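See below for coords20.txt, which holds compact mmCIF, C-alpha atoms.
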```txt
# COMPACT_ATOMS: atom_id res chain seq x y z
CA MET A 1 -36.72 -23.39 -13.68
CA GLU A 2 -34.64 -23.96 -10.51
CA LEU A 3 -35.13 -21.37 -7.75
CA THR A 4 -33.76 -23.38 -4.82
CA GLU A 5 -31.74 -20.54 -3.29
CA GLU A 6 -34.61 -18.02 -3.52
CA TYR A 7 -36.96 -20.60 -1.97
CA LYS A 8 -34.48 -21.35 0.85
CA GLN A 9 -34.13 -17.62 1.61
CA LEU A 10 -37.91 -17.33 2.08
CA THR A 11 -38.50 -20.60 3.99
CA ASN A 12 -35.15 -21.74 5.49
CA ILE A 13 -35.91 -25.12 3.83
CA ASP A 14 -33.36 -27.03 1.70
CA ILE A 15 -35.64 -28.51 -0.99
CA GLU A 16 -32.99 -31.01 -2.16
CA GLU A 17 -32.80 -32.37 1.39
CA GLN A 18 -36.58 -32.66 1.49
CA ARG A 19 -36.57 -34.62 -1.80
CA GLN A 20 -34.17 -37.12 -0.23
CA ILE A 21 -36.13 -37.43 3.03
CA TRP A 22 -39.37 -37.91 1.03
CA ASP A 23 -41.70 -38.33 4.02
CA GLU A 24 -45.18 -36.81 4.01
CA ARG A 25 -43.92 -33.40 5.22
CA GLY A 26 -41.12 -33.52 2.67
CA LYS A 27 -43.66 -34.07 -0.08
CA GLY A 28 -45.58 -31.06 1.20
CA PHE A 29 -42.50 -28.85 1.02
CA TYR A 30 -41.80 -30.08 -2.52
CA GLY A 31 -45.34 -29.15 -3.62
CA GLU A 32 -44.88 -25.66 -2.16
CA TYR A 33 -41.56 -25.37 -4.02
CA LEU A 34 -43.17 -26.36 -7.35
CA LEU A 35 -45.86 -23.69 -6.97
CA PHE A 36 -43.25 -21.11 -5.90
CA CYS A 37 -41.26 -21.75 -9.12
CA GLU A 38 -44.42 -21.57 -11.24
CA LEU A 39 -45.51 -18.23 -9.75
CA TYR A 40 -41.98 -16.86 -10.23
CA LYS A 41 -42.38 -17.54 -13.97
CA VAL A 42 -45.99 -16.67 -14.78
CA VAL A 43 -47.29 -13.88 -12.52
CA ALA A 44 -47.75 -10.58 -14.36
CA GLY A 45 -47.75 -7.22 -12.61
CA ASN A 46 -46.11 -5.96 -9.42
CA CYS A 47 -46.07 -8.54 -6.63
CA LYS A 48 -44.17 -10.15 -3.75
CA ILE A 49 -44.24 -13.72 -2.37
CA LEU A 50 -44.05 -14.98 1.23
CA MET A 51 -43.90 -18.64 2.33
CA ASN A 52 -44.96 -20.58 5.46
CA LEU A 53 -46.39 -17.57 7.31
CA ILE A 54 -47.42 -18.36 10.90
CA ILE A 55 -49.91 -15.58 11.74
CA PRO A 56 -52.27 -15.01 14.70
CA ALA A 57 -55.43 -17.11 14.26
CA GLU A 58 -59.00 -15.79 14.13
CA PHE A 59 -59.73 -16.38 17.83
CA SER A 60 -56.58 -17.78 19.50
CA GLY A 61 -53.30 -19.49 18.67
CA THR A 62 -51.73 -19.32 15.21
CA THR A 63 -52.32 -20.68 11.72
CA GLU A 64 -49.81 -21.42 8.92
CA ILE A 65 -50.28 -20.15 5.35
CA ASP A 66 -48.42 -22.23 2.73
CA LEU A 67 -47.91 -19.37 0.25
CA LEU A 68 -49.16 -15.77 0.04
CA LEU A 69 -49.02 -13.73 -3.17
CA ILE A 70 -49.16 -9.96 -2.51
CA HIS A 71 -50.29 -8.63 -5.90
CA GLU A 72 -51.32 -5.21 -7.14
CA THR A 73 -54.88 -6.62 -7.43
CA GLY A 74 -55.04 -7.96 -3.84
CA LEU A 75 -53.91 -10.86 -1.64
CA TYR A 76 -53.98 -14.45 -2.92
CA VAL A 77 -53.82 -17.22 -0.30
CA PHE A 78 -52.68 -20.63 -1.55
CA GLU A 79 -53.38 -23.96 0.17
CA ILE A 80 -51.11 -26.52 -1.52
CA ARG A 81 -51.45 -30.31 -1.82
CA ASN A 82 -48.86 -32.49 -3.57
CA TYR A 83 -51.28 -35.44 -3.87
CA LYS A 84 -51.47 -38.10 -6.59
CA GLY A 85 -54.60 -39.97 -7.67
CA THR A 86 -58.11 -38.62 -8.23
CA ILE A 87 -59.51 -36.10 -5.75
CA TYR A 88 -63.28 -36.27 -5.01
CA GLY A 89 -65.41 -33.94 -2.88
CA LYS A 90 -67.49 -30.78 -2.69
CA ASP A 91 -66.45 -27.33 -1.58
CA THR A 92 -68.95 -27.70 1.32
CA ASP A 93 -67.85 -31.22 2.43
CA ARG A 94 -65.85 -31.53 5.62
CA ILE A 95 -63.79 -34.47 4.24
CA TRP A 96 -62.44 -35.12 0.72
CA THR A 97 -61.24 -38.45 -0.75
CA GLN A 98 -58.01 -39.29 -2.55
CA TYR A 99 -58.82 -42.28 -4.80
CA PHE A 100 -56.29 -44.83 -6.11
CA ARG A 101 -56.89 -47.78 -8.41
CA THR A 102 -54.22 -49.99 -6.85
CA SER A 103 -54.28 -49.03 -3.15
CA PRO A 104 -56.76 -47.99 -0.41
CA ASN A 105 -58.40 -44.57 -0.58
CA TYR A 106 -57.19 -41.76 1.69
CA LYS A 107 -59.47 -39.31 3.51
CA PHE A 108 -58.26 -35.77 4.26
CA LYS A 109 -59.67 -32.50 5.57
CA ASN A 110 -61.28 -30.16 3.05
CA PRO A 111 -58.49 -27.67 2.13
CA VAL A 112 -61.13 -25.05 1.24
CA GLU A 113 -62.17 -24.92 4.91
CA GLN A 114 -58.55 -24.79 6.02
CA ASN A 115 -57.83 -21.90 3.65
CA GLY A 116 -60.94 -20.11 4.86
CA TYR A 117 -59.46 -20.23 8.36
CA HIS A 118 -56.25 -18.61 7.00
CA ILE A 119 -58.20 -15.90 5.17
CA ARG A 120 -60.27 -14.97 8.24
CA ALA A 121 -57.01 -14.56 10.18
CA LEU A 122 -55.57 -12.32 7.42
CA LYS A 123 -58.71 -10.16 7.36
CA LYS A 124 -57.96 -9.20 10.97
CA LEU A 125 -54.73 -7.64 9.67
CA PHE A 126 -55.97 -6.30 6.29
CA SER A 127 -59.71 -5.72 6.45
CA ASP A 128 -59.84 -3.36 3.45
CA ILE A 129 -57.88 -5.43 0.90
CA PRO A 130 -59.50 -8.14 -1.32
CA ILE A 131 -58.34 -11.64 -0.36
CA GLN A 132 -58.72 -14.57 -2.75
CA SER A 133 -58.60 -18.32 -1.90
CA LEU A 134 -56.80 -20.78 -4.21
CA ILE A 135 -56.41 -24.55 -3.67
CA VAL A 136 -53.63 -25.96 -5.87
CA PHE A 137 -52.75 -29.63 -6.43
CA THR A 138 -49.13 -29.72 -7.67
CA SER A 139 -48.54 -33.38 -8.64
CA HIS A 140 -48.61 -34.12 -12.38
CA GLU A 141 -50.27 -37.46 -11.45
CA CYS A 142 -53.34 -35.79 -9.92
CA ASN A 143 -56.87 -35.48 -11.35
CA ILE A 144 -59.47 -33.18 -9.71
CA LYS A 145 -63.15 -34.26 -9.54
CA VAL A 146 -64.34 -31.66 -7.04
CA ASN A 147 -67.75 -29.96 -7.23
CA ASN A 148 -67.06 -26.30 -6.51
CA SER A 149 -70.12 -24.03 -6.27
CA ASN A 150 -68.32 -21.07 -4.69
CA GLN A 151 -67.33 -18.49 -7.29
CA ASN A 152 -64.89 -16.84 -4.83
CA ILE A 153 -62.74 -19.98 -4.55
CA ASP A 154 -60.44 -21.51 -7.19
CA ILE A 155 -59.45 -25.21 -7.15
CA CYS A 156 -56.95 -26.12 -9.86
CA LEU A 157 -53.85 -28.06 -10.93
CA LEU A 158 -50.37 -26.54 -11.09
CA GLN A 159 -50.47 -26.25 -14.90
CA ASN A 160 -53.67 -24.16 -14.68
CA VAL A 161 -52.38 -21.61 -12.14
CA LYS A 162 -51.39 -19.05 -14.80
CA SER A 163 -54.82 -18.97 -16.49
CA THR A 164 -56.64 -19.04 -13.13
CA LEU A 165 -54.69 -16.04 -11.82
CA SER A 166 -55.00 -14.13 -15.11
CA ASN A 167 -58.78 -14.51 -14.88
CA ARG A 168 -58.79 -13.25 -11.27
CA PHE A 169 -56.49 -10.32 -12.09
CA SER A 170 -58.78 -9.18 -14.92
CA LYS A 171 -61.84 -9.15 -12.64
CA SER A 172 -60.22 -7.14 -9.83
CA ASP A 173 -60.75 -3.39 -9.47
CA GLU A 174 -58.02 -3.07 -6.81
CA LYS A 175 -54.75 -1.36 -7.80
CA LEU A 176 -52.12 -1.44 -5.05
CA SER A 177 -49.00 0.66 -5.60
CA MET A 178 -45.48 -0.73 -5.23
CA ASP A 179 -45.25 1.12 -1.89
CA ASN A 180 -48.51 -0.50 -0.72
CA ILE A 181 -47.19 -3.94 -1.68
CA ASP A 182 -43.92 -3.33 0.14
CA GLU A 183 -45.75 -2.07 3.25
CA ILE A 184 -47.84 -5.28 3.39
CA PHE A 185 -44.72 -7.38 2.82
CA ARG A 186 -42.82 -5.71 5.68
CA LYS A 187 -45.82 -6.03 8.01
CA LEU A 188 -46.02 -9.81 7.37
CA LEU A 189 -42.27 -10.40 7.39
CA ILE A 190 -42.25 -10.80 11.19
CA TYR A 191 -44.38 -13.96 10.78
CA SER A 192 -42.02 -15.49 8.19
CA PRO A 193 -39.06 -17.92 8.70
CA MET A 194 -37.12 -15.87 6.10
CA GLN A 195 -33.36 -15.71 6.81
CA LYS A 196 -33.68 -17.75 10.02
CA LYS A 197 -30.37 -18.02 11.88
CA VAL A 198 -28.69 -21.21 13.15
CA SER A 199 -26.15 -21.73 15.94
CA PHE A 200 -22.71 -23.32 15.72
CA ASN A 201 -19.78 -23.07 18.15
CA LYS A 202 -21.92 -20.76 20.32
CA ASN A 203 -22.18 -18.27 17.42
CA THR A 204 -25.42 -17.47 15.60
CA ALA A 205 -25.24 -16.87 11.86
CA THR A 206 -26.54 -18.16 8.54
CA PHE A 207 -24.77 -21.31 7.36
CA TYR A 208 -23.33 -19.66 4.27
CA SER A 209 -21.49 -17.12 6.43
CA TRP A 210 -19.12 -19.98 7.34
CA ILE A 211 -17.73 -20.13 3.85
CA GLN A 212 -17.86 -16.39 3.20
CA PRO A 213 -14.09 -15.94 3.90
CA VAL A 214 -13.31 -18.53 1.21
CA ILE A 215 -15.71 -16.93 -1.26
CA SER A 216 -14.28 -13.47 -0.50
CA LYS A 217 -10.78 -14.75 -1.28
CA LEU A 218 -11.93 -16.11 -4.64
CA GLU A 219 -13.72 -12.85 -5.46
CA ALA A 220 -10.53 -10.93 -4.64
CA GLU A 221 -8.63 -13.17 -7.05
CA LYS A 222 -11.28 -12.49 -9.67
CA SER A 223 -10.83 -8.72 -9.17
CA GLU A 224 -7.07 -9.14 -9.54
CA LEU A 225 -7.71 -11.00 -12.80
CA GLU A 226 -9.77 -8.08 -14.11
CA ARG A 227 -7.03 -5.59 -13.17
CA GLU A 228 -4.46 -7.78 -14.92
CA LYS A 229 -6.60 -7.87 -18.07
CA ASN A 230 -6.98 -4.07 -18.04
CA ARG A 231 -3.24 -3.57 -17.55
CA TRP A 232 -2.39 -5.77 -20.51
CA ALA A 233 -5.09 -4.10 -22.61
CA LEU A 234 -3.55 -0.68 -21.91
CA LEU A 235 -0.08 -1.98 -22.76
CA ASN A 236 -1.41 -3.47 -25.97
CA GLU A 237 -2.96 -0.11 -26.93
CA ASN A 238 0.34 1.69 -26.40
CA LEU A 239 2.14 -0.86 -28.55
CA LYS A 240 -0.39 -0.33 -31.32
CA LYS A 241 0.43 3.38 -31.28
CA ALA A 242 4.12 2.50 -31.56
CA LYS A 243 3.31 0.29 -34.52
CA THR A 244 1.83 3.24 -36.43
CA LYS A 245 5.19 4.97 -36.11
CA GLY A 246 6.83 2.16 -37.98
CA ILE A 247 8.94 0.78 -35.09
CA MET A 248 9.25 -2.88 -36.02
CA VAL A 249 10.83 -3.84 -32.70
CA ASN A 250 7.79 -2.63 -30.83
CA ILE A 251 5.57 -4.62 -33.18
CA PHE A 252 7.47 -7.77 -32.22
CA ILE A 253 7.22 -6.90 -28.51
CA ALA A 254 3.49 -6.27 -28.89
CA VAL A 255 2.92 -9.73 -30.35
CA VAL A 256 4.95 -11.36 -27.57
CA CYS A 257 3.14 -9.41 -24.84
CA ILE A 258 -0.27 -10.23 -26.28
CA VAL A 259 0.57 -13.94 -26.34
CA ILE A 260 1.90 -13.78 -22.77
CA SER A 261 -1.15 -11.84 -21.58
CA VAL A 262 -3.57 -14.33 -23.13
CA PHE A 263 -1.78 -17.26 -21.47
CA ALA A 264 -1.61 -15.37 -18.16
CA ILE A 265 -5.31 -14.52 -18.24
CA PHE A 266 -6.32 -18.09 -19.12
CA ALA A 267 -4.04 -19.48 -16.39
CA ILE A 268 -5.50 -17.19 -13.72
CA ARG A 269 -9.02 -17.85 -14.93
CA LYS A 270 -8.48 -21.62 -14.89
CA GLU A 271 -7.15 -21.44 -11.34
CA TYR A 272 -10.16 -19.36 -10.28
CA ASP A 273 -12.64 -21.78 -11.92
CA ASN A 274 -10.86 -24.74 -10.31
CA ASP A 275 -11.12 -23.09 -6.88
CA ILE A 276 -14.83 -22.44 -7.37
CA ALA A 277 -15.41 -26.04 -8.55
CA ALA A 278 -13.47 -27.39 -5.58
CA LEU A 279 -15.48 -25.22 -3.20
CA LYS A 280 -18.77 -26.50 -4.63
CA GLN A 281 -17.56 -30.12 -4.51
CA ASN A 282 -16.41 -29.77 -0.91
CA PHE A 283 -19.74 -28.44 0.29
CA LEU A 284 -21.82 -31.10 -1.43
CA HIS A 285 -21.39 -33.15 1.74
CA VAL A 286 -21.93 -30.42 4.35
CA ASP A 287 -25.54 -30.49 5.54
CA GLU A 288 -27.36 -27.57 7.09
CA ILE A 289 -27.06 -27.44 10.88
CA GLY A 290 -30.26 -28.54 12.64
CA ASN A 291 -31.03 -31.52 10.37
CA ASP A 292 -33.73 -33.40 12.34
CA TYR A 293 -32.59 -36.83 11.15
CA ILE A 294 -28.98 -36.26 12.16
CA ASP A 295 -30.13 -34.88 15.52
CA SER A 296 -32.43 -37.84 16.24
CA LEU A 297 -29.67 -40.36 15.46
CA ASN A 298 -27.12 -38.52 17.59
CA SER A 299 -29.59 -38.46 20.49
CA TYR A 300 -29.01 -42.14 21.25
CA VAL A 301 -25.51 -42.64 19.81
CA GLU A 302 -22.74 -41.95 22.32
CA ILE A 303 -19.25 -40.97 21.12
CA SER A 304 -16.28 -41.46 23.44
CA ASN A 305 -12.52 -42.18 23.46
CA VAL A 306 -12.00 -39.60 20.71
CA SER A 307 -8.32 -39.46 19.73
CA LEU A 308 -6.77 -36.96 17.29
CA SER A 309 -2.98 -37.01 16.96
CA PRO A 310 -0.30 -35.90 14.46
CA LEU A 311 0.82 -38.63 12.09
CA SER A 312 3.28 -36.77 9.83
CA ASP A 313 3.89 -33.29 8.42
CA ASP A 314 0.86 -33.73 6.16
CA ALA A 315 -1.47 -36.10 8.02
CA VAL A 316 -3.23 -36.74 11.33
CA SER A 317 -4.80 -39.89 12.76
CA PHE A 318 -8.27 -40.25 14.26
CA THR A 319 -10.26 -42.87 16.15
CA ALA A 320 -13.29 -42.94 18.45
CA ARG A 321 -15.71 -45.32 20.12
CA ILE A 322 -19.38 -45.48 19.00
CA ALA A 323 -21.94 -46.85 21.49
CA VAL A 324 -25.71 -47.25 21.07
CA LYS A 325 -28.02 -46.40 23.98
CA ASN A 326 -31.34 -47.54 22.45
CA ASP A 327 -33.22 -50.82 23.05
CA THR A 328 -35.20 -50.69 19.78
CA TYR A 329 -32.70 -49.67 17.08
CA GLY A 330 -29.14 -50.38 16.10
CA ILE A 331 -26.83 -48.82 13.52
CA LEU A 332 -24.71 -50.24 10.71
CA LEU A 333 -21.66 -48.72 9.01
CA THR A 334 -21.88 -49.40 5.26
CA GLU A 335 -19.29 -49.92 2.54
CA ASP A 336 -19.98 -46.33 1.43
CA SER A 337 -19.42 -44.79 4.88
CA LYS A 338 -17.13 -41.76 4.78
CA TYR A 339 -15.49 -39.33 7.16
CA ILE A 340 -16.26 -35.68 6.38
CA VAL A 341 -13.73 -33.33 8.01
CA MET A 342 -14.07 -29.50 8.14
CA THR A 343 -11.16 -27.20 9.00
CA ASP A 344 -11.17 -23.69 10.48
CA SER A 345 -10.28 -22.24 7.07
CA GLY A 346 -13.54 -23.56 5.57
CA LYS A 347 -12.00 -26.49 3.66
CA VAL A 348 -13.80 -29.83 3.71
CA PHE A 349 -12.06 -33.21 3.24
CA GLU A 350 -13.64 -36.58 2.47
CA TYR A 351 -12.10 -39.98 3.37
CA ASN A 352 -13.43 -43.51 2.80
CA VAL A 353 -13.84 -45.53 6.01
CA PHE A 354 -13.43 -48.84 4.15
CA GLY A 355 -11.38 -49.89 1.13
CA ASP A 356 -8.11 -51.66 0.36
CA HIS A 357 -6.69 -50.32 3.62
CA LEU A 358 -9.61 -51.74 5.64
CA PRO A 359 -11.85 -54.49 4.14
CA TYR A 360 -15.56 -54.15 4.92
CA GLN A 361 -17.32 -56.80 7.06
CA PRO A 362 -21.08 -56.16 7.61
CA ILE A 363 -21.48 -58.21 10.78
CA ALA A 364 -18.45 -56.60 12.41
CA ASN A 365 -19.93 -53.15 11.80
CA GLN A 366 -23.36 -53.68 13.40
CA ILE A 367 -23.77 -51.89 16.73
CA GLY A 368 -26.75 -52.33 19.06
CA LYS A 369 -28.10 -53.91 22.23
CA GLY A 370 -27.72 -57.70 22.09
CA ILE A 371 -25.16 -57.53 19.23
CA ARG A 372 -22.32 -55.34 20.42
CA GLU A 373 -23.09 -52.21 22.38
CA TYR A 374 -20.04 -50.35 21.11
CA ASN A 375 -17.45 -50.39 18.34
CA ASP A 376 -13.99 -48.86 18.33
CA LEU A 377 -13.37 -47.29 14.92
CA ALA A 378 -10.16 -48.42 13.22
CA GLU A 379 -7.49 -45.72 13.13
CA ALA A 380 -8.21 -43.37 10.22
CA GLN A 381 -5.49 -41.33 8.50
CA PHE A 382 -6.55 -37.86 7.33
CA PHE A 383 -4.00 -36.80 4.71
CA GLY A 384 -3.77 -33.17 3.65
CA ILE A 385 -4.21 -31.85 7.22
CA SER A 386 -1.01 -30.93 9.05
CA ASN A 387 -2.32 -29.91 12.48
CA THR A 388 -5.07 -31.39 14.66
CA ASP A 389 -5.88 -27.88 15.92
CA ASP A 390 -7.04 -27.00 12.37
CA ILE A 391 -9.92 -29.50 12.58
CA SER A 392 -13.22 -28.02 13.75
CA TYR A 393 -15.74 -30.74 12.80
CA ILE A 394 -15.82 -34.48 11.90
CA LYS A 395 -18.85 -36.55 10.94
CA LEU A 396 -19.53 -40.09 9.68
CA THR A 397 -21.88 -40.46 6.68
CA ASN A 398 -23.86 -43.26 5.00
CA VAL A 399 -24.95 -44.94 8.23
CA GLU A 400 -28.04 -47.17 8.35
CA MET A 401 -30.53 -47.49 11.24
CA PHE A 402 -32.14 -50.92 11.71
CA LYS A 403 -34.59 -52.56 14.09
CA LEU A 404 -33.19 -54.97 16.66
CA ASP A 405 -35.36 -57.80 15.32
CA ILE A 406 -34.46 -61.15 13.75
CA ARG A 407 -34.38 -59.69 10.22
CA ARG A 408 -32.39 -56.58 11.19
CA THR A 409 -34.89 -54.53 9.18
CA VAL A 410 -33.39 -51.25 7.87
CA VAL A 411 -35.71 -48.31 8.71
CA LYS A 412 -33.53 -45.43 7.51
CA ASP A 413 -30.33 -45.10 5.43
CA ASN A 414 -27.96 -42.29 4.46
CA LEU A 415 -27.83 -41.06 8.07
CA GLU A 416 -24.89 -39.24 9.65
CA ILE A 417 -23.23 -39.25 13.07
CA GLU A 418 -21.40 -36.25 14.53
CA LEU A 419 -18.07 -37.61 15.83
CA TYR A 420 -16.18 -34.47 16.79
CA LEU A 421 -16.96 -30.81 17.31
CA ARG A 422 -14.31 -28.49 18.73
```
Starting from the coordinates I provided, produce the structure as structure tokens.
Amino acid sequence: MELTEEYKQLTNIDIEEQRQIWDERGKGFYGEYLLFCELYKVVAGNCKILMNLIIPAEFSGTTEIDLLLIHETGLYVFEIRNYKGTIYGKDTDRIWTQYFRTSPNYKFKNPVEQNGYHIRALKKLFSDIPIQSLIVFTSHECNIKVNNSNQNIDICLLQNVKSTLSNRFSKSDEKLSMDNIDEIFRKLLIYSPMQKKVSFNKNTATFYSWIQPVISKLEAEKSELEREKNRWALLNENLKKAKTKGIMVNIFIAVVCIVISVFAIFAIRKEYDNDIAALKQNFLHVDEIGNDYIDSLNSYVEISNVSLSPLSDDAVSFTARIAVKNDTYGILLTEDSKYIVMTDSGKVFEYNVFGDHLPYQPIANQIGKGIREYNDLAEAQFFGISNTDDISYIKLTNVEMFKLDIRRTVVKDNLEIELYLR
């Protein structure tokens, strides 16, 4: 069950991006996403879910709750681990062990203690509502060997969440109304990253508001399609009435009109579906603003000598100079590097940097201290764009970062460089 959009609304986290990054924090987000999807499917009764709450701590500072379930039977605080291997420990131990057969063991803090810290912070806000602690391991390659003597704490795998919660629900005497649940939700909403805004061109808005004009246009076309269908349906009904009067000419006209209407509806529908498909395809390559990996790369890559000029009635040319200001890392353009160009109207174009028009040479496309400190990009031709003033954003994708050592060791691939922002 995919709930990526609902999860992003609650957390401002693109789970597909986290899968690709796949660092330790990315794995953590993916575990939270798996539990979120499971709860969406299995929880019975009235409830609401909040993610990544940063609430005032018990004494000072703040503490972050992975997932909070506000249920009619009380509050359920989840501490989530997306760990593989076998987990050993006791509920009273300060440190637990993650055991592997083929690699060294890993020690980590007891999540029961961490969740207890979260619960004590929540009790300052809701002292009269039952609060339950649940530790959930979400990886299907995990085995739990934890000695738990505390009957008020549940430690389980993702596949056992449904039965664990059902057991807790049945034992609870609390019965919160829908209004009570909503009141708790609104009180905690101020501590949530839900619907966080991002900035672009000095304007603050959600990313999807960029493409809203394009979506609105397609929805308007859809409405026009519905009106066209209704008009032809009414005409068809009138022709049927004429048929009952025995007017053979009208029968012939009815058949012709029905055929025309069917073709017209299918033609409009096909155009609408094609526009939607094109929109989705275009935005496959547009990442959310604020991507940490893009930002870190752009922090030591300097772009200069940017040139955008008309080439013909239906094309513009582009070039720029890329320089590296870092003594440790260099960058490499790959055979799969592409230019991604966004226009003011919301359209996105994709162009290959290399190909028959420009053969790829790895050594010539390495940039870094001691190799070549800058590289002038060959003139690119962006067809389908008639005016340079229409271009609002250009980036370069599929760039690798490597260490400036003898082996030129690649440390990160699939990175992007912002080349132009109007």
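The spacing separating atom CA of A:Leu39 from atom CA of A:Val161 amounts to 8.0 Å.
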Give me the residues near stretch 103-108 of chain A as an MDAnalysis selection string, where near means some atom within 12 Å (using only C-alpha atoms) and where sequence neighbours in that chain fewer than 4 positions away do not count. chainID A and resid 81 83:89 93:99 112:114
Surrounding residues of stretch 237-239 of chain A excluding itself and chain neighbours under 5 positions, 9 Å, only C-alpha atoms, as a VMD selection string: chain A and resid 232 244 250 to 251 253 to 254
I'd like the contact shell of A:Ile70 - 6 Å cut-off, only C-alpha atoms, skipping same-chain residues fewer than 2 positions apart - returned as a ChimeraX atom specification. /A:47-48,75
So, counting all atoms listed in the file, which residue among A:Cys37, A:Leu176, A:Ile303, A:Leu69 is closest to A:Ser133? A:Leu69
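Atom CA of A:Leu419 sits 5.5 Å away from atom CA of A:Ile394.
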Shell around A:Val411 at 10 Å using all atoms listed in the file, local window under 5 positions removed, as a ChimeraX atom specification: /A:329,400-403
So what do you get for atom CA of A:Asp405 versus atom CA of A:Ile367, distance-wise?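 Computing the Euclidean distance for atom CA of A:Asp405 and atom CA of A:Ile367 yields 13.1 Å.
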For stretch 121-123 of chain A, list every protein, DNA or RNA residue within 10 Å, evaluated using only C-alpha atoms, and leave out those in the same chain fewer than 6 positions away; present the list as an MDAnalysis selection string. chainID A and resid 55:60 62:63 65 75 77 115 129:131 188
Using all atoms listed in the file, pick whichever of A:Asn414, A:Ser261, A:Ser149, A:Asn375 has the shortest atom-to-atom distance to A:Asp336. A:Asn414
Top pick for closest residue to A:Ser317, considering A:Thr397, A:Gln381, A:Thr102, A:Thr164 and counting all atoms listed in the file: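 For A:Ser317, the nearest of the candidates is A:Gln381.
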Option closest in space to A:Leu311, from A:Asn387, A:Ser345, A:Ser223, A:Ser172 [counting all atoms listed in the file]: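 Distance minimum relative to A:Leu311 lands on A:Asn387.
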Of the candidates A:Glu79, A:Glu416, A:Asp344, A:Glu64, which one gets nearest to A:Gln132 if we count only C-alpha atoms? A:Glu79
Which residue, A:Glu183, A:Asp173, A:Asp91, A:Asp154, has the smallest gap to A:Gly74 when you use only C-alpha atoms? A:Asp173
